[in-house]
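S.K.: Just so it is clear, I am handing over target_16.cif, which has mmCIF, C-alpha atoms.
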```cif
data_my_file
loop_
_atom_site.group_PDB
_atom_site.id
_atom_site.type_symbol
_atom_site.label_atom_id
_atom_site.label_comp_id
_atom_site.auth_asym_id
_atom_site.auth_seq_id
_atom_site.Cartn_x
_atom_site.Cartn_y
_atom_site.Cartn_z
ATOM 1 C CA MET A 217 42.687 -2.965 3.912
ATOM 2 C CA ASN A 218 39.565 -1.606 5.588
ATOM 3 C CA SER A 219 40.324 1.960 4.546
ATOM 4 C CA THR A 220 40.354 1.014 0.873
ATOM 5 C CA SER A 221 37.261 -1.225 1.016
ATOM 6 C CA LYS A 222 34.923 1.442 2.428
ATOM 7 C CA PRO A 223 35.211 3.924 -0.466
ATOM 8 C CA THR A 224 34.805 1.063 -2.939
ATOM 9 C CA HIS A 225 31.641 -0.097 -1.188
ATOM 10 C CA SER A 226 30.330 3.458 -1.041
ATOM 11 C CA ALA A 227 31.042 4.059 -4.731
ATOM 12 C CA GLY A 228 29.334 0.792 -5.648
ATOM 13 C CA THR A 229 26.289 1.728 -3.591
ATOM 14 C CA TRP A 230 25.984 5.127 -5.231
ATOM 15 C CA LEU A 231 26.449 3.582 -8.687
ATOM 16 C CA TRP A 232 23.701 1.063 -7.953
ATOM 17 C CA LEU A 233 21.367 3.826 -6.771
ATOM 18 C CA LEU A 234 22.074 5.897 -9.888
ATOM 19 C CA LEU A 235 21.364 2.925 -12.146
ATOM 20 C CA CYS A 236 18.102 2.237 -10.326
ATOM 21 C CA ALA A 237 17.085 5.903 -10.562
ATOM 22 C CA ALA A 238 17.886 5.943 -14.290
ATOM 23 C CA ALA A 239 15.887 2.754 -14.864
ATOM 24 C CA LEU A 240 12.894 4.120 -12.959
ATOM 25 C CA ALA A 241 13.091 7.406 -14.862
ATOM 26 C CA TYR A 242 13.153 5.590 -18.207
ATOM 27 C CA LEU A 243 10.374 3.141 -17.295
ATOM 28 C CA PRO A 244 7.453 5.409 -18.370
ATOM 29 C CA THR A 245 9.057 5.918 -21.781
ATOM 30 C CA LEU A 246 9.660 2.186 -22.141
ATOM 31 C CA LEU A 247 6.091 1.219 -21.314
ATOM 32 C CA THR A 248 4.488 4.069 -23.264
ATOM 33 C CA GLU A 249 6.472 3.702 -26.494
ATOM 34 C CA ARG A 250 6.827 -0.098 -26.110
ATOM 35 C CA ALA A 251 10.441 0.199 -27.255
ATOM 36 C CA PHE A 252 13.853 0.083 -25.595
ATOM 37 C CA PHE A 253 15.961 2.932 -27.009
ATOM 38 C CA GLY A 254 14.258 2.579 -30.381
ATOM 39 C CA ILE A 255 14.154 -1.240 -30.392
ATOM 40 C CA PRO A 256 10.483 -2.337 -30.539
ATOM 41 C CA LEU A 257 9.363 -4.775 -27.877
ATOM 42 C CA SER A 258 6.306 -7.000 -27.924
ATOM 43 C CA ASN A 259 3.741 -7.162 -25.146
ATOM 44 C CA THR A 260 5.032 -10.602 -24.239
ATOM 45 C CA GLN A 261 8.563 -9.264 -23.828
ATOM 46 C CA LEU A 262 7.169 -6.518 -21.584
ATOM 47 C CA LEU A 263 5.115 -9.107 -19.621
ATOM 48 C CA ASN A 264 1.933 -7.384 -20.845
ATOM 49 C CA LEU A 265 2.665 -4.627 -18.373
ATOM 50 C CA GLY A 266 1.573 -1.049 -18.836
ATOM 51 C CA LEU A 267 2.135 2.075 -16.816
ATOM 52 C CA THR A 268 -1.304 1.660 -15.232
ATOM 53 C CA GLN A 269 -0.202 -1.618 -13.637
ATOM 54 C CA ILE A 270 3.008 0.014 -12.432
ATOM 55 C CA ASN A 271 1.037 2.827 -10.811
ATOM 56 C CA LEU A 272 -1.245 0.337 -9.075
ATOM 57 C CA MET A 273 1.861 -1.509 -7.894
ATOM 58 C CA LEU A 274 3.204 1.726 -6.392
ATOM 59 C CA ILE A 275 -0.077 2.306 -4.553
ATOM 60 C CA SER A 276 0.104 -1.276 -3.312
ATOM 61 C CA MET A 277 3.649 -0.678 -2.111
ATOM 62 C CA LEU A 278 2.321 2.033 0.182
ATOM 63 C CA GLY A 279 -0.159 -0.427 1.639
ATOM 64 C CA ALA A 280 2.461 -3.165 1.951
ATOM 65 C CA LEU A 281 4.963 -0.827 3.616
ATOM 66 C CA SER A 282 2.381 0.319 6.137
ATOM 67 C CA LEU A 283 1.293 -3.233 6.953
ATOM 68 C CA ASN A 284 4.903 -4.409 7.178
ATOM 69 C CA TYR A 285 5.607 -1.589 9.623
ATOM 70 C CA LEU A 286 2.658 -2.675 11.759
ATOM 71 C CA THR A 287 3.026 -6.450 11.547
ATOM 72 C CA GLY A 288 6.695 -6.996 10.809
ATOM 73 C CA CYS A 289 8.185 -4.200 12.907
ATOM 74 C CA ALA A 290 5.641 -3.694 15.698
ATOM 75 C CA GLY A 291 4.568 -7.327 15.892
ATOM 76 C CA LEU A 292 0.829 -6.557 15.598
ATOM 77 C CA ILE A 293 -0.835 -8.939 13.159
ATOM 78 C CA SER A 294 -3.686 -7.341 11.250
ATOM 79 C CA ILE A 295 -5.879 -8.902 8.587
ATOM 80 C CA GLY A 296 -8.156 -5.887 8.267
ATOM 81 C CA HIS A 297 -5.831 -3.542 6.400
ATOM 82 C CA ALA A 298 -8.332 -3.097 3.585
ATOM 83 C CA ALA A 299 -10.517 -1.241 6.084
ATOM 84 C CA PHE A 300 -8.042 1.631 6.179
ATOM 85 C CA PHE A 301 -7.919 1.743 2.379
ATOM 86 C CA ALA A 302 -11.705 2.056 2.484
ATOM 87 C CA THR A 303 -11.390 4.768 5.139
ATOM 88 C CA GLY A 304 -9.116 6.778 2.857
ATOM 89 C CA ALA A 305 -11.427 6.343 -0.127
ATOM 90 C CA MET A 306 -14.443 7.393 1.952
ATOM 91 C CA ALA A 307 -12.576 10.407 3.357
ATOM 92 C CA ALA A 308 -11.625 11.445 -0.179
ATOM 93 C CA ALA A 309 -15.270 11.260 -1.223
ATOM 94 C CA VAL A 310 -16.416 13.361 1.740
ATOM 95 C CA PHE A 311 -13.747 16.038 1.581
ATOM 96 C CA ASP A 312 -13.568 16.290 -2.212
ATOM 97 C CA ASN A 313 -16.995 15.453 -3.647
ATOM 98 C CA GLN A 314 -19.019 16.988 -0.832
ATOM 99 C CA LEU A 315 -16.776 19.660 0.717
ATOM 100 C CA GLY A 316 -14.713 20.581 -2.352
ATOM 101 C CA LEU A 317 -11.282 20.657 -0.699
ATOM 102 C CA PRO A 318 -8.175 20.673 -2.941
ATOM 103 C CA PHE A 319 -6.365 17.412 -3.566
ATOM 104 C CA PRO A 320 -3.411 17.920 -1.156
ATOM 105 C CA LEU A 321 -5.786 18.781 1.700
ATOM 106 C CA VAL A 322 -7.916 15.760 0.844
ATOM 107 C CA LEU A 323 -4.858 13.509 1.215
ATOM 108 C CA LEU A 324 -4.074 15.171 4.553
ATOM 109 C CA ALA A 325 -7.657 14.664 5.711
ATOM 110 C CA ALA A 326 -7.509 11.018 4.610
ATOM 111 C CA ALA A 327 -4.317 10.547 6.631
ATOM 112 C CA LEU A 328 -5.946 12.073 9.723
ATOM 113 C CA ALA A 329 -9.079 9.964 9.284
ATOM 114 C CA GLY A 330 -6.939 6.858 8.896
ATOM 115 C CA ALA A 331 -4.869 7.702 11.968
ATOM 116 C CA VAL A 332 -8.023 8.106 14.075
ATOM 117 C CA ALA A 333 -9.538 4.890 12.711
ATOM 118 C CA GLY A 334 -6.275 3.020 13.237
ATOM 119 C CA THR A 335 -5.913 4.252 16.804
ATOM 120 C CA LEU A 336 -9.449 3.112 17.579
ATOM 121 C CA ALA A 337 -8.777 -0.239 15.887
ATOM 122 C CA GLY A 338 -5.635 -0.617 17.985
ATOM 123 C CA LEU A 339 -7.443 -0.191 21.292
ATOM 124 C CA PRO A 340 -8.225 -3.931 21.600
ATOM 125 C CA SER A 341 -4.454 -4.582 21.530
ATOM 126 C CA LEU A 342 -4.315 -3.077 25.032
ATOM 127 C CA ARG A 343 -6.435 -5.915 26.371
ATOM 128 C CA VAL A 344 -6.227 -8.936 24.075
ATOM 129 C CA ARG A 345 -3.411 -10.816 22.360
ATOM 130 C CA GLY A 346 -2.864 -13.433 19.691
ATOM 131 C CA LEU A 347 -5.821 -14.876 17.845
ATOM 132 C CA TYR A 348 -8.338 -12.683 19.668
ATOM 133 C CA PHE A 349 -6.590 -9.533 18.491
ATOM 134 C CA VAL A 350 -6.415 -10.858 14.918
ATOM 135 C CA LEU A 351 -10.172 -11.470 15.049
ATOM 136 C CA SER A 352 -10.696 -7.927 16.320
ATOM 137 C CA THR A 353 -8.926 -6.543 13.223
ATOM 138 C CA LEU A 354 -11.142 -8.742 11.068
ATOM 139 C CA ALA A 355 -14.178 -7.279 12.832
ATOM 140 C CA VAL A 356 -12.879 -3.768 12.106
ATOM 141 C CA HIS A 357 -12.669 -4.687 8.435
ATOM 142 C CA TYR A 358 -16.322 -5.695 8.259
ATOM 143 C CA VAL A 359 -17.471 -2.698 10.291
ATOM 144 C CA VAL A 360 -15.718 -0.262 7.967
ATOM 145 C CA ALA A 361 -16.931 -2.170 4.898
ATOM 146 C CA TYR A 362 -20.511 -1.859 6.180
ATOM 147 C CA VAL A 363 -20.102 1.875 6.836
ATOM 148 C CA PHE A 364 -18.636 2.356 3.357
ATOM 149 C CA LEU A 365 -21.544 0.439 1.805
ATOM 150 C CA GLU A 366 -24.137 2.516 3.674
ATOM 151 C CA TYR A 367 -22.371 5.747 2.715
ATOM 152 C CA GLN A 368 -22.202 4.686 -0.922
ATOM 153 C CA PHE A 369 -25.896 3.748 -1.131
ATOM 154 C CA LYS A 370 -27.044 6.874 0.683
ATOM 155 C CA TYR A 371 -25.189 9.434 -1.445
ATOM 156 C CA PHE A 372 -24.144 7.691 -4.686
ATOM 157 C CA ASP A 373 -26.351 4.604 -5.119
ATOM 158 C CA VAL A 374 -25.123 1.307 -6.596
ATOM 159 C CA VAL A 375 -23.055 2.875 -9.394
ATOM 160 C CA GLY A 376 -20.213 3.551 -6.965
ATOM 161 C CA ILE A 377 -18.497 6.694 -5.759
ATOM 162 C CA PRO A 378 -17.122 8.893 -8.566
ATOM 163 C CA TYR A 379 -13.916 10.875 -8.086
ATOM 164 C CA ALA A 380 -12.878 13.921 -10.048
ATOM 165 C CA THR A 381 -9.480 14.161 -11.705
ATOM 166 C CA PRO A 382 -7.143 15.448 -8.979
ATOM 167 C CA ARG A 383 -5.102 18.618 -9.414
ATOM 168 C CA ILE A 384 -2.034 19.916 -7.622
ATOM 169 C CA GLY A 385 -2.040 23.599 -8.424
ATOM 170 C CA GLY A 386 -2.158 23.776 -12.203
ATOM 171 C CA PHE A 387 -0.852 20.218 -12.558
ATOM 172 C CA GLU A 388 -3.696 17.844 -13.440
ATOM 173 C CA LEU A 389 -3.157 14.123 -12.847
ATOM 174 C CA ASN A 390 -4.906 12.974 -16.013
ATOM 175 C CA THR A 391 -2.307 10.613 -17.518
ATOM 176 C CA PRO A 392 -0.480 7.533 -16.205
ATOM 177 C CA VAL A 393 2.862 9.310 -16.659
ATOM 178 C CA ARG A 394 1.807 12.154 -14.370
ATOM 179 C CA TRP A 395 0.515 9.698 -11.802
ATOM 180 C CA TYR A 396 3.841 7.886 -11.946
ATOM 181 C CA ALA A 397 5.662 11.172 -11.325
ATOM 182 C CA LEU A 398 3.602 11.614 -8.142
ATOM 183 C CA LEU A 399 3.505 8.044 -6.848
ATOM 184 C CA LEU A 400 7.159 7.059 -7.233
ATOM 185 C CA PRO A 401 8.595 9.924 -5.111
ATOM 186 C CA LEU A 402 5.789 9.416 -2.581
ATOM 187 C CA VAL A 403 6.651 5.718 -2.144
ATOM 188 C CA VAL A 404 10.341 6.568 -1.752
ATOM 189 C CA LEU A 405 9.587 9.266 0.833
ATOM 190 C CA VAL A 406 7.330 6.947 2.845
ATOM 191 C CA TYR A 407 9.964 4.223 2.760
ATOM 192 C CA LEU A 408 12.725 6.589 3.890
ATOM 193 C CA GLY A 409 10.475 8.009 6.602
ATOM 194 C CA LEU A 410 9.652 4.568 7.990
ATOM 195 C CA GLN A 411 13.305 3.584 7.874
ATOM 196 C CA ALA A 412 14.258 6.730 9.781
ATOM 197 C CA SER A 413 11.541 6.100 12.361
ATOM 198 C CA LEU A 414 12.894 2.604 13.029
ATOM 199 C CA LYS A 415 16.321 4.085 13.778
ATOM 200 C CA SER A 416 14.887 6.537 16.290
ATOM 201 C CA ARG A 417 14.548 5.877 20.011
ATOM 202 C CA GLU A 418 10.865 4.972 19.704
ATOM 203 C CA GLY A 419 11.589 2.811 16.676
ATOM 204 C CA ARG A 420 14.174 0.774 18.552
ATOM 205 C CA ALA A 421 11.759 0.476 21.471
ATOM 206 C CA MET A 422 9.086 -0.782 19.091
ATOM 207 C CA LEU A 423 11.438 -3.437 17.695
ATOM 208 C CA ALA A 424 12.248 -4.465 21.260
ATOM 209 C CA MET A 425 8.520 -4.713 21.971
ATOM 210 C CA ARG A 426 8.117 -6.973 18.951
ATOM 211 C CA ASP A 427 10.982 -9.257 19.979
ATOM 212 C CA HIS A 428 10.140 -9.524 23.663
ATOM 213 C CA GLU A 429 7.344 -7.441 25.120
ATOM 214 C CA LEU A 430 8.042 -8.311 28.758
ATOM 215 C CA ALA A 431 11.719 -7.405 28.441
ATOM 216 C CA ALA A 432 10.824 -4.102 26.777
ATOM 217 C CA THR A 433 8.374 -3.312 29.563
ATOM 218 C CA SER A 434 10.986 -4.119 32.223
ATOM 219 C CA VAL A 435 13.305 -1.393 30.893
ATOM 220 C CA GLY A 436 10.607 1.277 30.941
ATOM 221 C CA VAL A 437 9.048 1.025 27.469
ATOM 222 C CA ASP A 438 5.339 1.912 27.473
ATOM 223 C CA VAL A 439 4.168 -0.751 25.042
ATOM 224 C CA ARG A 440 0.561 0.436 25.137
ATOM 225 C CA ILE A 441 1.405 3.844 23.685
ATOM 226 C CA LEU A 442 3.758 2.280 21.146
ATOM 227 C CA ARG A 443 1.030 -0.062 19.889
ATOM 228 C CA LEU A 444 -1.386 2.801 19.348
ATOM 229 C CA LYS A 445 1.269 4.930 17.642
ATOM 230 C CA ALA A 446 2.199 2.062 15.315
ATOM 231 C CA PHE A 447 -1.450 1.505 14.440
ATOM 232 C CA GLY A 448 -2.057 5.204 13.881
ATOM 233 C CA LEU A 449 0.948 5.712 11.594
ATOM 234 C CA SER A 450 0.350 2.521 9.631
ATOM 235 C CA SER A 451 -3.330 3.316 9.157
ATOM 236 C CA ALA A 452 -2.607 6.897 8.085
ATOM 237 C CA ILE A 453 -0.297 5.666 5.307
ATOM 238 C CA ALA A 454 -2.820 3.018 4.235
ATOM 239 C CA SER A 455 -5.609 5.612 4.139
ATOM 240 C CA VAL A 456 -3.579 7.905 1.901
ATOM 241 C CA ALA A 457 -2.953 4.908 -0.355
ATOM 242 C CA GLY A 458 -6.701 4.185 -0.334
ATOM 243 C CA ALA A 459 -7.494 7.763 -1.361
ATOM 244 C CA LEU A 460 -4.930 7.590 -4.176
ATOM 245 C CA PHE A 461 -6.350 4.233 -5.224
ATOM 246 C CA ALA A 462 -9.863 5.684 -5.433
ATOM 247 C CA TYR A 463 -8.709 8.734 -7.370
ATOM 248 C CA TYR A 464 -6.731 6.592 -9.770
ATOM 249 C CA LEU A 465 -9.673 4.310 -10.562
ATOM 250 C CA SER A 466 -12.030 7.355 -10.641
ATOM 251 C CA ASN A 467 -14.907 5.180 -9.380
ATOM 252 C CA VAL A 468 -14.985 2.608 -6.576
ATOM 253 C CA THR A 469 -17.598 0.545 -4.793
ATOM 254 C CA SER A 470 -17.573 -1.185 -1.441
ATOM 255 C CA GLU A 471 -16.814 -4.482 -3.198
ATOM 256 C CA ALA A 472 -13.326 -3.231 -4.039
ATOM 257 C CA PHE A 473 -12.281 -3.453 -0.380
ATOM 258 C CA ASN A 474 -13.192 -7.053 0.370
ATOM 259 C CA ILE A 475 -11.255 -9.494 2.515
ATOM 260 C CA ASN A 476 -9.304 -10.773 -0.510
ATOM 261 C CA PHE A 477 -7.950 -7.267 -0.931
ATOM 262 C CA ALA A 478 -6.561 -7.386 2.611
ATOM 263 C CA ILE A 479 -5.109 -10.876 2.168
ATOM 264 C CA GLN A 480 -3.073 -9.662 -0.816
ATOM 265 C CA PHE A 481 -1.128 -7.306 1.434
ATOM 266 C CA ILE A 482 -0.436 -10.109 3.880
ATOM 267 C CA ALA A 483 0.875 -12.189 0.970
ATOM 268 C CA MET A 484 3.113 -9.324 -0.119
ATOM 269 C CA ILE A 485 4.816 -8.871 3.222
ATOM 270 C CA ILE A 486 5.231 -12.622 3.674
ATOM 271 C CA ILE A 487 6.880 -12.950 0.254
ATOM 272 C CA GLY A 488 9.093 -9.953 0.910
ATOM 273 C CA GLY A 489 9.888 -10.809 4.504
ATOM 274 C CA MET A 490 8.089 -9.362 7.491
ATOM 275 C CA GLY A 491 10.091 -6.788 9.382
ATOM 276 C CA SER A 492 12.437 -6.162 6.454
ATOM 277 C CA LEU A 493 11.634 -2.831 4.829
ATOM 278 C CA PRO A 494 14.695 -2.266 2.597
ATOM 279 C CA VAL A 495 15.359 -5.583 0.886
ATOM 280 C CA PRO A 496 12.243 -7.149 -0.627
ATOM 281 C CA TRP A 497 11.080 -4.499 -3.099
ATOM 282 C CA TRP A 498 10.693 -7.140 -5.812
ATOM 283 C CA ALA A 499 8.125 -8.998 -3.725
ATOM 284 C CA ARG A 500 5.638 -6.140 -3.669
ATOM 285 C CA PRO A 501 5.211 -5.913 -7.477
ATOM 286 C CA PHE A 502 5.178 -9.712 -7.612
ATOM 287 C CA GLY A 503 2.634 -9.944 -4.829
ATOM 288 C CA CYS A 504 0.311 -7.251 -6.158
ATOM 289 C CA CYS A 505 0.385 -8.213 -9.821
ATOM 290 C CA CYS A 506 1.888 -11.595 -10.675
ATOM 291 C CA LEU A 507 0.662 -13.598 -7.686
ATOM 292 C CA PRO A 508 -3.029 -12.577 -7.861
ATOM 293 C CA SER A 509 -3.053 -13.026 -11.635
ATOM 294 C CA SER A 510 -1.545 -16.508 -11.409
ATOM 295 C CA VAL A 511 -4.087 -17.518 -8.753
ATOM 296 C CA ALA A 512 -6.895 -16.082 -10.867
ATOM 297 C CA CYS A 513 -5.957 -18.064 -13.943
ATOM 298 C CA ARG A 514 -5.777 -21.271 -11.887
ATOM 299 C CA LEU A 515 -9.344 -20.564 -10.752
ATOM 300 C CA ARG A 516 -10.390 -19.915 -14.338
ATOM 301 C CA ARG A 517 -9.015 -23.301 -15.351
ATOM 302 C CA VAL A 518 -10.892 -25.051 -12.524
ATOM 303 C CA MET A 519 -14.172 -23.128 -12.687
ATOM 304 C CA GLY A 520 -14.221 -22.220 -16.363
ATOM 305 C CA THR A 521 -15.878 -19.095 -17.685
ATOM 306 C CA HIS A 522 -18.097 -18.792 -14.592
ATOM 307 C CA PHE A 523 -15.149 -17.322 -12.701
ATOM 308 C CA SER A 524 -14.399 -13.667 -13.341
ATOM 309 C CA ALA A 525 -11.642 -11.871 -11.500
ATOM 310 C CA ASN A 526 -13.457 -8.592 -10.999
ATOM 311 C CA CYS A 527 -10.645 -7.192 -8.921
ATOM 312 C CA TRP A 528 -8.510 -4.134 -9.396
ATOM 313 C CA TRP A 529 -5.540 -6.327 -10.292
ATOM 314 C CA SER A 530 -7.382 -8.169 -13.075
ATOM 315 C CA THR A 531 -5.830 -5.761 -15.590
ATOM 316 C CA GLY A 532 -2.384 -7.118 -14.773
ATOM 317 C CA PRO A 533 -0.232 -9.382 -16.921
ATOM 318 C CA ASN A 534 -1.685 -12.643 -18.142
ATOM 319 C CA TRP A 535 0.271 -15.570 -16.708
ATOM 320 C CA CYS A 536 -2.168 -18.271 -17.826
ATOM 321 C CA ASN A 537 -0.262 -19.292 -20.920
#
```
Show this structure as structure tokens.
M.R.:
Amino acid sequence: MNSTSKPTHSAGTWLWLLLCAAALAYLPTLLTERAFFGIPLSNTQLLNLGLTQINLMLISMLGALSLNYLTGCAGLISIGHAAFFATGAMAAAVFDNQLGLPFPLVLLAAALAGAVAGTLAGLPSLRVRGLYFVLSTLAVHYVVAYVFLEYQFKYFDVVGIPYATPRIGGFELNTPVRWYALLLPLVVLVYLGLQASLKSREGRAMLAMRDHELAATSVGVDVRILRLKAFGLSSAIASVAGALFAYYLSNVTSEAFNINFAIQFIAMIIIGGMGSLPVPWWARPFGCCCLPSSVACRLRRVMGTHFSANCWWSTGPNWCN
């Protein structure tokens, strides 16, 4: 009985993965041509979605995965994740606009800058717990936001920081389809890498630290080093996402990385389930696009035309009707 059920389960899993891969491969064609195998579809039927929104969702997935790894898997609650997005955007401006490094090296530099910033931000976790640590992450957010604002005004003024169109060799990322071809494999690789890390010895120790820190310490787990490693890895991924976010928008200001931006990632991991990397993929697109848009239209109804959702997700689908 068991011997026949395993191959069936394996075949069903592979079939499901193939169907998902086919759907993801066809998605750019669907959203570009606005037709499903030649059958025209209206914007309402496509939820007013375009490939630009899908690309922003993929960038948000990187941020949500990194925060879920830190909060859901390591047990370290952070409400300053937007700071590491800002770190990545600032690193991209320094190493591209001012130093002229190629795009892949800029992403590597952003990851290193994020890892350093995250490790420094994780230092208070060695001394404080609970609400005091959460407040320390909030302080990090405002410190980085202030540094970003000063950097922007000193070198680029109030118009924001411009970013050139990135290139990978002779491949220029100048269309949403090309961005999709970069972002989708990157999200999958990050997800698989985080999943593999959780199955490693240090990953299991980190989960034990999350569940019961004293018990983990009693069996020889150095929770201090694990906290800093979790912060460094999570912040490196978020910084790469921040650099991609800045490149994709081609111009960003310090206002893009406000506290609401950080709260969106917290909403995403709560909707999807903290500590659960594989299951809740639907919650990340919902959290980054549908949820903010629905909240925005409620505010429009209450506050009228005086409210304007000048956020990066304001180009998402309109759920006000």
S.K.: Fewer than 3 positions away in the same chain doesn't count, so skip those; otherwise give me all residues within 12 Å of Tyr362 of chain A, counting all atoms listed in the file, as a ChimeraX atom specification.
M.R.: /A:299,302-303,306,355-359,365-369,469-471,473-474
S.K.: For Leu283 of chain A, list every protein, DNA or RNA residue within 8 Å, evaluated using all atoms listed in the file, and leave out those in the same chain fewer than 4 positions away; present the list as a VMD selection string.
M.R.: chain A and resid 279 287 to 288 294 297 450 454 481 to 482 485
S.K.: Residues within 8 Å of segment 457-464 of chain A, please, as number ranges by chain. Count only C-alpha atoms; anything in the same chain fewer than 6 positions from it doesn't count.
M.R.: A: 272, 275-276, 278-279, 300-308, 323, 326, 379-382
S.K.: Pick from A:Asn313, A:Asn259, A:Thr353, A:Ser434: nearest to Ala333 of chain A, with all atoms listed in the file counted?
M.R.: A:Thr353
S.K.: Nearest residue to Tyr242 of chain A out of A:Leu267, A:Leu292, A:Gly488, A:Asp438, using only C-alpha atoms?
M.R.: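 Result for the nearest residue to Tyr242 of chain A: A:Leu267.
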S.K.: Tell me, in Å to one decimal, how far atom CA of Ala472 of chain A is from atom CA of Gly296 of chain A.
M.R.: 13.6 Å
S.K.: Can you pull out every residue within 10 Å of Arg383 of chain A, counting only C-alpha atoms, but drop anything in the same chain fewer than 3 positions away, and send it as a list in words?
M.R.: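 The residues satisfying every condition are Pro318, Phe319, Pro320, Ala380, Gly386, Phe387, Glu388, Leu389 and Asn390 of chain A.
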S.K.: Grab the residues selected above and save them as a tab-separated table (two decimals), in the frame of the given file with C-alpha atoms.
M.R.:
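Output saved as result-v5.tsv:
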```
chain	number	residue	atom	x	y	z
A	318	PRO	CA	-8.18	20.67	-2.94
A	319	PHE	CA	-6.36	17.41	-3.57
A	320	PRO	CA	-3.41	17.92	-1.16
A	380	ALA	CA	-12.88	13.92	-10.05
A	386	GLY	CA	-2.16	23.78	-12.20
A	387	PHE	CA	-0.85	20.22	-12.56
A	388	GLU	CA	-3.70	17.84	-13.44
A	389	LEU	CA	-3.16	14.12	-12.85
A	390	ASN	CA	-4.91	12.97	-16.01
```
S.K.: Could you name the residues that touch Leu286 of chain A at 9 Å or less, counting all atoms listed in the file, but leaving out those on the same chain fewer than 6 positions away, as a VMD selection string?
M.R.: chain A and resid 292 to 294 443 446 to 447 449 to 451 491
S.K.: So, with all atoms listed in the file as the atoms that count, which of A:Asn467, A:Ser455, A:Thr245, A:Ser341 lies closest to Val439 of chain A?
M.R.: A:Ser341
S.K.: Measuring atom to atom with only C-alpha atoms, identify which of A:Lys445, A:Ala309, A:Pro392, A:Gly419 is nearest to Leu247 of chain A.
M.R.: A:Pro392
S.K.: If you measure from atom CA of Thr433 of chain A to atom CA of Arg345 of chain A, what distance in Å do you get, rounded to one decimal?
M.R.: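 Atom-to-atom, atom CA of Thr433 of chain A and atom CA of Arg345 of chain A are spaced 15.7 Å apart.
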S.K.: Report the residues retrieved by the PyMOL selection byres ((chain A and resi 414) around 12) from the displayed file, expressed as a PyMOL selection string.
M.R.: chain A and resi 285-286+288-290+407-413+415-424+446+491-494
S.K.: Tell me which of A:Gln314, A:Asn284, A:Asn476, A:Thr335 sits closest to Met490 of chain A, counting all atoms listed in the file.
M.R.: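 Nearest to Met490 of chain A: A:Asn284.
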S.K.: Tell me which of A:Val344, A:Leu405, A:Leu324, A:Ala280 sits closest to Met484 of chain A, counting all atoms listed in the file.
M.R.: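 Using all atoms listed in the file, Met484 of chain A sits closest to A:Ala280.
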S.K.: Could you jot down the atom CA of Leu339 of chain A to atom CA of Leu444 of chain A separation for me, Å, one decimal place?
M.R.: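 Computed distance, atom CA of Leu339 of chain A to atom CA of Leu444 of chain A, equals 7.0 Å.
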S.K.: Produce the centre coordinates and the three edge lengths, each in Å to one decimal, of the box along x, y and z that contains all listed atoms of segment 357-360 of chain A with 8 Å added on each side, as AutoDock Vina command-line options.
M.R.:
```
--center_x -15.1 --center_y -3.0 --center_z 9.1 --size_x 20.8 --size_y 21.4 --size_z 18.3
```
